[in-house]
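Below is one structure, written out as structure tokens; the observations come after it.
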Amino acid sequence: MRFTSLGSGSAGNCLVVEQASTRLLLDCGFGERETIKRLQKIALTPDDITGILITHEHDDHAKGAFKFAAKFNIPMWLSHGTRRMTERYLPKNTQPVINVIDNHTHFVIEGIQITPYPVPHDAREPTQFIFTDGQCKLGVLTDTGHSTPHIEQVLSGCDALVLECNHDVTMLQKGPYSYALKQRVGGRLGHLDNASAARLLSKLDNSKLKHIVAAHLSVKNNTQYLAKQALSQVLNCEDDWIGIATQKEGFDWRSL
Ligand SMILES: [Zn+2]
Ligand SMILES: [Zn+2]
């Protein structure tokens, strides 16, 4: 199994998980042309995509997904709440095939086993995912306002983690956002800050961890240096061992 990102942040998210010839997109917040362009950079076309999973209805995760799925005949998987809240994105003519999932029930897509789990975020039924080929386990967590015992339980023992490091609390407080936006981003249903991500990481079994990538970094309220520092302190590793998913480039393939 291997994974890569086409881009991560408030302007669009898309993660690719591959096991043999099965390739899943986790979220698709880019428009059609941009998604195709970014897929081309990793030598893939829309026809190579087996399915699209959507975490929640926010534009940076769901905006481009439905038209893309309909046009290229790619089935989708999402929670009931996300389904309800994304009706506005549905194309008029051709509809994509949508599989509604329960976010406490495992499912399988052509050899990739998927464990969905609910997270606290200001969306209708936000869901994050763990992927496994039966041997290796990739955990993904972005767009969560805080951690929960359930999150800590499901993310424990991963071989790879993609973990939100949205902001540095001080940078957010002193930064350019309006009071209301600061409250939203920093709130219990907002986004995970570096220190909270580090605290969560410290509670996990990291004995198998081979990759960790900080994701969904705010351009205005965080730096790569601060995110890397927060996570490397927990793992007692070099800063450079912590990967960063950027808005422009995402990150390169990582194999498990
Ligand atoms: Zn987001
Ligand atoms: Zn969100």
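If you're wondering about the labels, chains in the structure tokens are A, B, ... by order shown, residues count from 1 in each chain, ligands from 1 in order shown.
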Practice item. Would you please give, as a list in words, all residues of range 93-184 of chain A that DSSP assigns to helix (DSSP H, G or I) based on the backbone? Key: Pro149, His150, Ile151, Glu152, Gln153, Val154, Leu155, Val169, Thr170, Met171, Leu172, Gln173, Lys174, Tyr179, Ala180, Leu181, Lys182, Gln183 and Arg184 of chain A
Any chance you can output those residues with N, CA, C and O atoms as a PDB file, in the first residue's frame?
ATOM      1  N   PRO A 149     -11.400  10.175  23.066  1.00  0.00           N
ATOM      2  CA  PRO A 149     -10.895   8.837  23.382  1.00  0.00           C
ATOM      3  C   PRO A 149     -11.061   7.874  22.204  1.00  0.00           C
ATOM      4  O   PRO A 149     -10.197   7.041  21.954  1.00  0.00           O
ATOM      5  N   HIS A 150     -12.163   8.011  21.465  1.00  0.00           N
ATOM      6  CA  HIS A 150     -12.387   7.129  20.315  1.00  0.00           C
ATOM      7  C   HIS A 150     -11.334   7.361  19.230  1.00  0.00           C
ATOM      8  O   HIS A 150     -10.794   6.419  18.652  1.00  0.00           O
ATOM      9  N   ILE A 151     -11.022   8.626  18.957  1.00  0.00           N
ATOM     10  CA  ILE A 151      -9.985   8.948  17.960  1.00  0.00           C
ATOM     11  C   ILE A 151      -8.661   8.324  18.384  1.00  0.00           C
ATOM     12  O   ILE A 151      -7.958   7.700  17.580  1.00  0.00           O
ATOM     13  N   GLU A 152      -8.326   8.468  19.664  1.00  0.00           N
ATOM     14  CA  GLU A 152      -7.050   7.921  20.155  1.00  0.00           C
ATOM     15  C   GLU A 152      -7.022   6.398  20.038  1.00  0.00           C
ATOM     16  O   GLU A 152      -5.995   5.808  19.722  1.00  0.00           O
ATOM     17  N   GLN A 153      -8.166   5.796  20.249  1.00  0.00           N
ATOM     18  CA  GLN A 153      -8.233   4.342  20.142  1.00  0.00           C
ATOM     19  C   GLN A 153      -8.029   3.874  18.699  1.00  0.00           C
ATOM     20  O   GLN A 153      -7.220   2.990  18.436  1.00  0.00           O
ATOM     21  N   VAL A 154      -8.723   4.512  17.754  1.00  0.00           N
ATOM     22  CA  VAL A 154      -8.645   4.013  16.376  1.00  0.00           C
ATOM     23  C   VAL A 154      -7.314   4.361  15.704  1.00  0.00           C
ATOM     24  O   VAL A 154      -6.858   3.634  14.819  1.00  0.00           O
ATOM     25  N   LEU A 155      -6.677   5.453  16.123  1.00  0.00           N
ATOM     26  CA  LEU A 155      -5.423   5.849  15.464  1.00  0.00           C
ATOM     27  C   LEU A 155      -4.192   5.186  16.073  1.00  0.00           C
ATOM     28  O   LEU A 155      -3.076   5.368  15.584  1.00  0.00           O
ATOM     29  N   VAL A 169      -1.467  28.180  18.168  1.00  0.00           N
ATOM     30  CA  VAL A 169      -2.473  28.937  18.924  1.00  0.00           C
ATOM     31  C   VAL A 169      -2.104  30.424  19.021  1.00  0.00           C
ATOM     32  O   VAL A 169      -2.949  31.303  18.816  1.00  0.00           O
ATOM     33  N   THR A 170      -0.834  30.728  19.291  1.00  0.00           N
ATOM     34  CA  THR A 170      -0.416  32.131  19.416  1.00  0.00           C
ATOM     35  C   THR A 170      -0.510  32.864  18.074  1.00  0.00           C
ATOM     36  O   THR A 170      -0.981  34.004  18.010  1.00  0.00           O
ATOM     37  N   MET A 171      -0.088  32.184  17.007  1.00  0.00           N
ATOM     38  CA  MET A 171      -0.184  32.834  15.678  1.00  0.00           C
ATOM     39  C   MET A 171      -1.633  33.120  15.310  1.00  0.00           C
ATOM     40  O   MET A 171      -1.947  34.156  14.725  1.00  0.00           O
ATOM     41  N   LEU A 172      -2.526  32.181  15.655  1.00  0.00           N
ATOM     42  CA  LEU A 172      -3.952  32.395  15.369  1.00  0.00           C
ATOM     43  C   LEU A 172      -4.474  33.596  16.163  1.00  0.00           C
ATOM     44  O   LEU A 172      -5.140  34.479  15.607  1.00  0.00           O
ATOM     45  N   GLN A 173      -4.117  33.639  17.461  1.00  0.00           N
ATOM     46  CA  GLN A 173      -4.595  34.733  18.315  1.00  0.00           C
ATOM     47  C   GLN A 173      -4.117  36.088  17.816  1.00  0.00           C
ATOM     48  O   GLN A 173      -4.853  37.057  17.798  1.00  0.00           O
ATOM     49  N   LYS A 174      -2.858  36.145  17.390  1.00  0.00           N
ATOM     50  CA  LYS A 174      -2.261  37.423  16.975  1.00  0.00           C
ATOM     51  C   LYS A 174      -2.424  37.686  15.489  1.00  0.00           C
ATOM     52  O   LYS A 174      -2.041  38.739  14.998  1.00  0.00           O
ATOM     53  N   TYR A 179     -12.385  38.184  14.726  1.00  0.00           N
ATOM     54  CA  TYR A 179     -12.638  37.544  16.023  1.00  0.00           C
ATOM     55  C   TYR A 179     -13.478  36.277  15.832  1.00  0.00           C
ATOM     56  O   TYR A 179     -13.176  35.219  16.380  1.00  0.00           O
ATOM     57  N   ALA A 180     -14.531  36.398  15.005  1.00  0.00           N
ATOM     58  CA  ALA A 180     -15.440  35.261  14.808  1.00  0.00           C
ATOM     59  C   ALA A 180     -14.707  34.067  14.187  1.00  0.00           C
ATOM     60  O   ALA A 180     -14.903  32.921  14.603  1.00  0.00           O
ATOM     61  N   LEU A 181     -13.876  34.339  13.217  1.00  0.00           N
ATOM     62  CA  LEU A 181     -13.151  33.254  12.542  1.00  0.00           C
ATOM     63  C   LEU A 181     -12.124  32.620  13.482  1.00  0.00           C
ATOM     64  O   LEU A 181     -11.934  31.393  13.484  1.00  0.00           O
ATOM     65  N   LYS A 182     -11.490  33.451  14.304  1.00  0.00           N
ATOM     66  CA  LYS A 182     -10.557  32.911  15.303  1.00  0.00           C
ATOM     67  C   LYS A 182     -11.284  31.970  16.260  1.00  0.00           C
ATOM     68  O   LYS A 182     -10.781  30.903  16.608  1.00  0.00           O
ATOM     69  N   GLN A 183     -12.480  32.376  16.665  1.00  0.00           N
ATOM     70  CA  GLN A 183     -13.283  31.535  17.564  1.00  0.00           C
ATOM     71  C   GLN A 183     -13.637  30.205  16.890  1.00  0.00           C
ATOM     72  O   GLN A 183     -13.603  29.154  17.500  1.00  0.00           O
ATOM     73  N   ARG A 184     -13.993  30.300  15.607  1.00  0.00           N
ATOM     74  CA  ARG A 184     -14.410  29.094  14.871  1.00  0.00           C
ATOM     75  C   ARG A 184     -13.234  28.128  14.701  1.00  0.00           C
ATOM     76  O   ARG A 184     -13.319  26.957  15.061  1.00  0.00           O
TER      77      ARG A 184
END
Exercise for review: Please provide as JSON, numbers by chain all residues within 8 Å of Lys63 in chain A, with the sequence filter that same-chain residues fewer than 6 positions apart are discarded (counting only C-alpha atoms).
Suggested key: {"A": [28, 29, 30, 31, 57, 89]}
Write the residues of the selection above to a file with N, CA and C atoms, as a PDB file, in the first residue's frame.
ATOM      1  N   CYS A  28     -11.944  15.526  -2.501  1.00  0.00           N
ATOM      2  CA  CYS A  28     -11.558  16.114  -3.779  1.00  0.00           C
ATOM      3  C   CYS A  28     -12.072  17.556  -3.768  1.00  0.00           C
ATOM      4  N   GLY A  29     -11.264  18.418  -3.208  1.00  0.00           N
ATOM      5  CA  GLY A  29     -11.661  19.821  -3.062  1.00  0.00           C
ATOM      6  C   GLY A  29     -11.226  20.702  -4.219  1.00  0.00           C
ATOM      7  N   PHE A  30     -10.589  20.104  -5.206  1.00  0.00           N
ATOM      8  CA  PHE A  30     -10.149  20.865  -6.378  1.00  0.00           C
ATOM      9  C   PHE A  30     -11.159  20.702  -7.506  1.00  0.00           C
ATOM     10  N   GLY A  31     -11.191  21.666  -8.406  1.00  0.00           N
ATOM     11  CA  GLY A  31     -12.050  21.572  -9.586  1.00  0.00           C
ATOM     12  C   GLY A  31     -11.520  20.492 -10.526  1.00  0.00           C
ATOM     13  N   GLU A  57     -18.697  18.021   4.210  1.00  0.00           N
ATOM     14  CA  GLU A  57     -19.223  18.844   3.131  1.00  0.00           C
ATOM     15  C   GLU A  57     -18.458  20.130   2.832  1.00  0.00           C
ATOM     16  N   TYR A  89     -23.920  20.244  -4.568  1.00  0.00           N
ATOM     17  CA  TYR A  89     -22.809  19.963  -5.477  1.00  0.00           C
ATOM     18  C   TYR A  89     -23.180  18.981  -6.585  1.00  0.00           C
TER      19      TYR A  89
END
Check your understanding: Please, which residues have at least one atom within 6 Å of an atom of ligand 1, using only C-alpha atoms and all ligand atoms, listed as a list in words?
Key ->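 Answer in the requested format: Ser10, Asp60 and Asp143 of chain A.
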Write to file, as a compact mmCIF listing (two decimals), in the first residue's frame, the residues of the selection just made, with all heavy atoms.
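Full text of part-v3.txt as output:
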# COMPACT_ATOMS: atom_id res chain seq x y z
N SER A 10 -6.77 24.76 3.30
CA SER A 10 -8.13 25.29 3.19
C SER A 10 -8.54 25.63 1.76
O SER A 10 -9.69 25.94 1.49
CB SER A 10 -8.29 26.52 4.08
OG SER A 10 -7.32 27.46 3.72
N ASP A 60 -13.41 22.75 0.73
CA ASP A 60 -12.02 22.31 0.49
C ASP A 60 -11.90 20.78 0.44
O ASP A 60 -10.84 20.25 0.13
CB ASP A 60 -11.05 22.92 1.53
CG ASP A 60 -11.48 22.68 2.97
OD1 ASP A 60 -12.69 22.70 3.25
OD2 ASP A 60 -10.59 22.48 3.83
N ASP A 143 -9.37 18.17 10.04
CA ASP A 143 -10.66 18.80 10.30
C ASP A 143 -11.34 18.22 11.54
O ASP A 143 -12.46 17.71 11.49
CB ASP A 143 -11.58 18.69 9.08
CG ASP A 143 -11.00 19.42 7.88
OD1 ASP A 143 -10.03 18.90 7.30
OD2 ASP A 143 -11.47 20.52 7.56
At a cut-off of 8 Å, can you tabulate as CSV every residue of range 59-164 of chain A near range 215-225 of chain A together with its closest atom pair and the distance in Å to one decimal, using only C-alpha atoms and ordering rows by chain then number?
residue,atom,partner,partner_atom,distance
A:Thr142,CA,A:His216,CA,6.7
A:Asp143,CA,A:His216,CA,7.9
A:Val162,CA,A:Ala215,CA,6.3
A:Leu163,CA,A:Ala215,CA,5.6
A:Glu164,CA,A:Ala215,CA,4.6
Exercise for review: Write as a list in words the residues around ligand 2, taking 9 Å as the cut-off and counting only C-alpha atoms and all ligand atoms.
Suggested key: Ser10, Thr55, His56, Glu57, His58, Asp59, Asp60, His61, His121, Asp122, Ala123, Pro126, Thr142, Asp143, Thr144, Gly190 and His191 of chain A
Practice item. List the neighbours of Ser202 in chain A out to 8 Å using only C-alpha atoms; skip same-chain residues closer than 2 positions along the sequence, and give me the result as a ChimeraX atom specification. Key: /A:198-200,204,234-235
Please save N, CA and C atoms of the selected residues as a CSV table (one decimal), in the first residue's frame.
chain,number,residue,atom,x,y,z
A,198,ALA,N,0.1,17.3,18.8
A,198,ALA,CA,1.2,16.6,19.5
A,198,ALA,C,0.7,15.9,20.7
A,199,ARG,N,-0.2,16.5,21.5
A,199,ARG,CA,-0.8,15.8,22.6
A,199,ARG,C,-1.5,14.5,22.2
A,200,LEU,N,-2.3,14.6,21.1
A,200,LEU,CA,-2.9,13.4,20.6
A,200,LEU,C,-1.9,12.3,20.2
A,204,LEU,N,-0.8,7.9,21.5
A,204,LEU,CA,-1.0,6.7,20.6
A,204,LEU,C,0.2,5.8,20.8
A,234,VAL,N,7.4,15.0,20.4
A,234,VAL,CA,6.7,13.8,20.9
A,234,VAL,C,7.4,12.5,20.5
A,235,LEU,N,7.8,12.5,19.2
A,235,LEU,CA,8.4,11.2,18.7
A,235,LEU,C,9.9,11.1,19.0
Quick one: residues within 7 Å of Gly51 in chain A, only C-alpha atoms, excluding same-chain residues fewer than 3 positions away - as a PDB file with N, CA, C and O atoms, in the first residue's frame?
ATOM      1  N   ARG A  23      -7.194   2.407  -6.451  1.00  0.00           N
ATOM      2  CA  ARG A  23      -6.757   3.748  -6.044  1.00  0.00           C
ATOM      3  C   ARG A  23      -7.966   4.556  -5.574  1.00  0.00           C
ATOM      4  O   ARG A  23      -8.927   4.732  -6.320  1.00  0.00           O
ATOM      5  N   LEU A  24      -7.876   5.006  -4.340  1.00  0.00           N
ATOM      6  CA  LEU A  24      -8.973   5.773  -3.765  1.00  0.00           C
ATOM      7  C   LEU A  24      -8.543   7.215  -3.561  1.00  0.00           C
ATOM      8  O   LEU A  24      -7.410   7.476  -3.156  1.00  0.00           O
ATOM      9  N   LEU A  25      -9.468   8.128  -3.837  1.00  0.00           N
ATOM     10  CA  LEU A  25      -9.242   9.522  -3.461  1.00  0.00           C
ATOM     11  C   LEU A  25      -9.964   9.749  -2.147  1.00  0.00           C
ATOM     12  O   LEU A  25     -11.139   9.381  -2.011  1.00  0.00           O
ATOM     13  N   ILE A  74     -17.105   7.311 -11.319  1.00  0.00           N
ATOM     14  CA  ILE A  74     -16.382   6.805 -10.145  1.00  0.00           C
ATOM     15  C   ILE A  74     -17.355   6.787  -8.960  1.00  0.00           C
ATOM     16  O   ILE A  74     -17.958   7.813  -8.638  1.00  0.00           O
ATOM     17  N   PRO A  75     -17.541   5.628  -8.313  1.00  0.00           N
ATOM     18  CA  PRO A  75     -18.448   5.586  -7.158  1.00  0.00           C
ATOM     19  C   PRO A  75     -17.892   6.347  -5.959  1.00  0.00           C
ATOM     20  O   PRO A  75     -16.674   6.493  -5.816  1.00  0.00           O
ATOM     21  N   MET A  76     -18.820   6.819  -5.105  1.00  0.00           N
ATOM     22  CA  MET A  76     -18.426   7.616  -3.946  1.00  0.00           C
ATOM     23  C   MET A  76     -18.919   6.965  -2.651  1.00  0.00           C
ATOM     24  O   MET A  76     -19.924   6.259  -2.647  1.00  0.00           O
TER      25      MET A  76
END
Point to revise | Residue among A:Lys92, A:Lys137, A:Lys210, A:Arg33 lying closest to Ile114 in chain A, counting only C-alpha atoms | key: A:Lys137
Review point. Running DSSP on the backbone, which parts of range 43-230 of chain A land in strand (DSSP E or B), as a count of residues only?
Key: 44
Point to revise | Neighbour list for Ser232 in chain A as a PyMOL selection string, cut-off 12 Å, only C-alpha atoms, skip fewer than 5 positions in-chain | key: chain A and resi 194-195+197-199+201-202+211-214+224-227+237-243
Exercise for review: Excluding Arg2 in chain A and any residue of its chain fewer than 5 positions from it, enumerate the residues within 12 Å of it, using only C-alpha atoms, and give them as a VMD selection string.
Suggested key: chain A and resid 15 to 24 112 131 to 133 136 to 138 159 to 160 210 to 211 251 to 256
Those same residues - C-alpha atoms - I'd like them written as a PDB file, in the first residue's frame.
ATOM      1  CA  LEU A  15      -5.228  12.239  -0.701  1.00  0.00           C
ATOM      2  CA  VAL A  16      -4.590   9.170  -2.869  1.00  0.00           C
ATOM      3  CA  VAL A  17      -4.374   5.690  -1.338  1.00  0.00           C
ATOM      4  CA  GLU A  18      -3.189   2.867  -3.581  1.00  0.00           C
ATOM      5  CA  GLN A  19      -3.154  -0.900  -3.088  1.00  0.00           C
ATOM      6  CA  ALA A  20      -2.235  -2.828  -6.251  1.00  0.00           C
ATOM      7  CA  SER A  21      -4.552  -1.396  -8.937  1.00  0.00           C
ATOM      8  CA  THR A  22      -7.082   0.001  -6.448  1.00  0.00           C
ATOM      9  CA  ARG A  23      -6.757   3.748  -6.044  1.00  0.00           C
ATOM     10  CA  LEU A  24      -8.973   5.773  -3.765  1.00  0.00           C
ATOM     11  CA  ILE A 112      -8.614  -1.916   0.817  1.00  0.00           C
ATOM     12  CA  PHE A 131      -7.051   2.317   5.535  1.00  0.00           C
ATOM     13  CA  THR A 132      -5.476  -1.126   5.690  1.00  0.00           C
ATOM     14  CA  ASP A 133      -4.477  -3.859   3.258  1.00  0.00           C
ATOM     15  CA  CYS A 136      -0.295  -2.074   7.152  1.00  0.00           C
ATOM     16  CA  LYS A 137      -2.467   0.642   8.602  1.00  0.00           C
ATOM     17  CA  LEU A 138      -2.718   4.253   7.398  1.00  0.00           C
ATOM     18  CA  ASP A 159       2.218   2.388  10.279  1.00  0.00           C
ATOM     19  CA  ALA A 160       1.556   5.814   8.787  1.00  0.00           C
ATOM     20  CA  LYS A 210       7.103   4.605   9.655  1.00  0.00           C
ATOM     21  CA  HIS A 211       5.625   7.810   8.245  1.00  0.00           C
ATOM     22  CA  PHE A 251       3.546  15.280  -0.684  1.00  0.00           C
ATOM     23  CA  ASP A 252       5.259  12.487  -2.629  1.00  0.00           C
ATOM     24  CA  TRP A 253       4.294   8.819  -2.566  1.00  0.00           C
ATOM     25  CA  ARG A 254       5.135   7.052   0.657  1.00  0.00           C
ATOM     26  CA  SER A 255       5.135   3.254   0.740  1.00  0.00           C
ATOM     27  CA  LEU A 256       4.135   1.058   3.633  1.00  0.00           C
TER      28      LEU A 256
END
**Study point:** CA of Gly64 in chain A to CA of Glu32 in chain A, distance in Å rounded to a single decimal
**Key:** 6.2 Å
Counting only C-alpha atoms, what is within 7 Å of range 98-108 of chain A, bar same-chain residues fewer than 3 positions away, as an mmCIF file with all heavy atoms, in the first residue's frame?
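around.cif written:
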data_model
loop_
_atom_site.group_PDB
_atom_site.id
_atom_site.type_symbol
_atom_site.label_atom_id
_atom_site.label_comp_id
_atom_site.auth_asym_id
_atom_site.auth_seq_id
_atom_site.Cartn_x
_atom_site.Cartn_y
_atom_site.Cartn_z
ATOM 1 N N PRO A 75 -17.541 5.628 -8.313
ATOM 2 C CA PRO A 75 -18.448 5.586 -7.158
ATOM 3 C C PRO A 75 -17.892 6.347 -5.959
ATOM 4 O O PRO A 75 -16.674 6.493 -5.816
ATOM 5 C CB PRO A 75 -18.550 4.085 -6.849
ATOM 6 C CG PRO A 75 -17.340 3.474 -7.468
ATOM 7 C CD PRO A 75 -16.943 4.332 -8.628
ATOM 8 N N MET A 76 -18.820 6.819 -5.105
ATOM 9 C CA MET A 76 -18.426 7.616 -3.946
ATOM 10 C C MET A 76 -18.919 6.965 -2.651
ATOM 11 O O MET A 76 -19.924 6.259 -2.647
ATOM 12 C CB MET A 76 -19.042 9.028 -4.047
ATOM 13 C CG MET A 76 -18.672 9.756 -5.326
ATOM 14 S SD MET A 76 -19.408 11.401 -5.375
ATOM 15 C CE MET A 76 -18.333 12.273 -4.250
ATOM 16 N N TRP A 77 -18.231 7.262 -1.566
ATOM 17 C CA TRP A 77 -18.607 6.785 -0.233
ATOM 18 C C TRP A 77 -18.624 7.965 0.733
ATOM 19 O O TRP A 77 -17.626 8.706 0.821
ATOM 20 C CB TRP A 77 -17.604 5.738 0.268
ATOM 21 C CG TRP A 77 -17.788 4.369 -0.320
ATOM 22 C CD1 TRP A 77 -18.429 3.317 0.253
ATOM 23 C CD2 TRP A 77 -17.327 3.880 -1.594
ATOM 24 N NE1 TRP A 77 -18.395 2.210 -0.573
ATOM 25 C CE2 TRP A 77 -17.732 2.529 -1.710
ATOM 26 C CE3 TRP A 77 -16.627 4.463 -2.662
ATOM 27 C CZ2 TRP A 77 -17.443 1.750 -2.840
ATOM 28 C CZ3 TRP A 77 -16.339 3.698 -3.786
ATOM 29 C CH2 TRP A 77 -16.754 2.356 -3.853
ATOM 30 N N LEU A 78 -19.732 8.169 1.428
ATOM 31 C CA LEU A 78 -19.833 9.269 2.375
ATOM 32 C C LEU A 78 -20.947 9.010 3.379
ATOM 33 O O LEU A 78 -21.809 8.172 3.146
ATOM 34 C CB LEU A 78 -20.050 10.617 1.662
ATOM 35 C CG LEU A 78 -21.047 10.672 0.513
ATOM 36 C CD1 LEU A 78 -21.828 11.960 0.591
ATOM 37 C CD2 LEU A 78 -20.316 10.624 -0.809
ATOM 38 N N SER A 79 -20.893 9.744 4.494
ATOM 39 C CA SER A 79 -21.904 9.541 5.541
ATOM 40 C C SER A 79 -23.246 10.146 5.113
ATOM 41 O O SER A 79 -23.306 10.977 4.203
ATOM 42 C CB SER A 79 -21.444 10.187 6.847
ATOM 43 O OG SER A 79 -21.456 11.596 6.717
ATOM 44 N N HIS A 80 -24.296 9.749 5.826
ATOM 45 C CA HIS A 80 -25.638 10.270 5.526
ATOM 46 C C HIS A 80 -25.673 11.801 5.651
ATOM 47 O O HIS A 80 -26.201 12.504 4.792
ATOM 48 C CB HIS A 80 -26.650 9.626 6.476
ATOM 49 C CG HIS A 80 -28.035 10.126 6.292
ATOM 50 N ND1 HIS A 80 -28.787 9.810 5.185
ATOM 51 C CD2 HIS A 80 -28.789 10.938 7.058
ATOM 52 C CE1 HIS A 80 -29.960 10.413 5.276
ATOM 53 N NE2 HIS A 80 -29.993 11.096 6.401
ATOM 54 N N GLY A 111 -10.110 -4.665 -2.001
ATOM 55 C CA GLY A 111 -8.851 -5.018 -1.349
ATOM 56 C C GLY A 111 -8.371 -4.039 -0.287
ATOM 57 O O GLY A 111 -7.462 -4.338 0.469
ATOM 58 N N ILE A 112 -8.969 -2.863 -0.244
ATOM 59 C CA ILE A 112 -8.614 -1.916 0.817
ATOM 60 C C ILE A 112 -9.731 -1.918 1.865
ATOM 61 O O ILE A 112 -10.899 -1.649 1.549
ATOM 62 C CB ILE A 112 -8.387 -0.486 0.272
ATOM 63 C CG1 ILE A 112 -7.278 -0.480 -0.788
ATOM 64 C CG2 ILE A 112 -8.033 0.471 1.420
ATOM 65 C CD1 ILE A 112 -6.946 0.898 -1.349
ATOM 66 N N GLN A 113 -9.354 -2.278 3.101
ATOM 67 C CA GLN A 113 -10.330 -2.261 4.193
ATOM 68 C C GLN A 113 -10.335 -0.878 4.817
ATOM 69 O O GLN A 113 -9.270 -0.299 5.059
ATOM 70 C CB GLN A 113 -9.950 -3.294 5.255
ATOM 71 C CG GLN A 113 -9.904 -4.725 4.741
ATOM 72 C CD GLN A 113 -9.122 -5.626 5.685
ATOM 73 O OE1 GLN A 113 -9.193 -5.478 6.890
ATOM 74 N NE2 GLN A 113 -8.356 -6.544 5.117
ATOM 75 N N ILE A 114 -11.527 -0.377 5.072
ATOM 76 C CA ILE A 114 -11.652 1.001 5.529
ATOM 77 C C ILE A 114 -12.441 1.065 6.834
ATOM 78 O O ILE A 114 -13.521 0.482 6.947
ATOM 79 C CB ILE A 114 -12.329 1.849 4.437
ATOM 80 C CG1 ILE A 114 -11.420 1.853 3.185
ATOM 81 C CG2 ILE A 114 -12.553 3.280 4.911
ATOM 82 C CD1 ILE A 114 -12.157 1.994 1.908
ATOM 83 N N THR A 115 -11.876 1.758 7.800
ATOM 84 C CA THR A 115 -12.564 1.983 9.067
ATOM 85 C C THR A 115 -12.888 3.466 9.175
ATOM 86 O O THR A 115 -11.985 4.289 9.323
ATOM 87 C CB THR A 115 -11.663 1.592 10.261
ATOM 88 O OG1 THR A 115 -11.235 0.239 10.086
ATOM 89 C CG2 THR A 115 -12.398 1.729 11.574
ATOM 90 N N PRO A 116 -14.166 3.818 9.065
ATOM 91 C CA PRO A 116 -14.526 5.218 9.253
ATOM 92 C C PRO A 116 -14.676 5.530 10.740
ATOM 93 O O PRO A 116 -14.939 4.620 11.536
ATOM 94 C CB PRO A 116 -15.875 5.334 8.539
ATOM 95 C CG PRO A 116 -16.455 3.963 8.573
ATOM 96 C CD PRO A 116 -15.328 2.975 8.747
ATOM 97 N N TYR A 117 -14.488 6.783 11.119
ATOM 98 C CA TYR A 117 -14.740 7.161 12.510
ATOM 99 C C TYR A 117 -15.182 8.619 12.575
ATOM 100 O O TYR A 117 -14.726 9.446 11.790
ATOM 101 C CB TYR A 117 -13.516 6.880 13.397
ATOM 102 C CG TYR A 117 -12.267 7.672 13.066
ATOM 103 C CD1 TYR A 117 -11.936 8.807 13.808
ATOM 104 C CD2 TYR A 117 -11.415 7.296 12.034
ATOM 105 C CE1 TYR A 117 -10.786 9.539 13.529
ATOM 106 C CE2 TYR A 117 -10.266 8.016 11.744
ATOM 107 C CZ TYR A 117 -9.961 9.135 12.500
ATOM 108 O OH TYR A 117 -8.825 9.869 12.214
ATOM 109 N N PRO A 118 -16.102 8.926 13.494
ATOM 110 C CA PRO A 118 -16.630 10.297 13.583
ATOM 111 C C PRO A 118 -15.657 11.231 14.311
ATOM 112 O O PRO A 118 -14.915 10.786 15.187
ATOM 113 C CB PRO A 118 -17.910 10.121 14.405
ATOM 114 C CG PRO A 118 -17.680 8.891 15.218
ATOM 115 C CD PRO A 118 -16.748 8.004 14.446
ATOM 116 N N THR A 127 -16.533 12.645 9.088
ATOM 117 C CA THR A 127 -15.997 11.295 9.233
ATOM 118 C C THR A 127 -14.556 11.280 8.756
ATOM 119 O O THR A 127 -14.244 11.872 7.716
ATOM 120 C CB THR A 127 -16.839 10.337 8.358
ATOM 121 O OG1 THR A 127 -18.204 10.444 8.775
ATOM 122 C CG2 THR A 127 -16.393 8.902 8.494
#
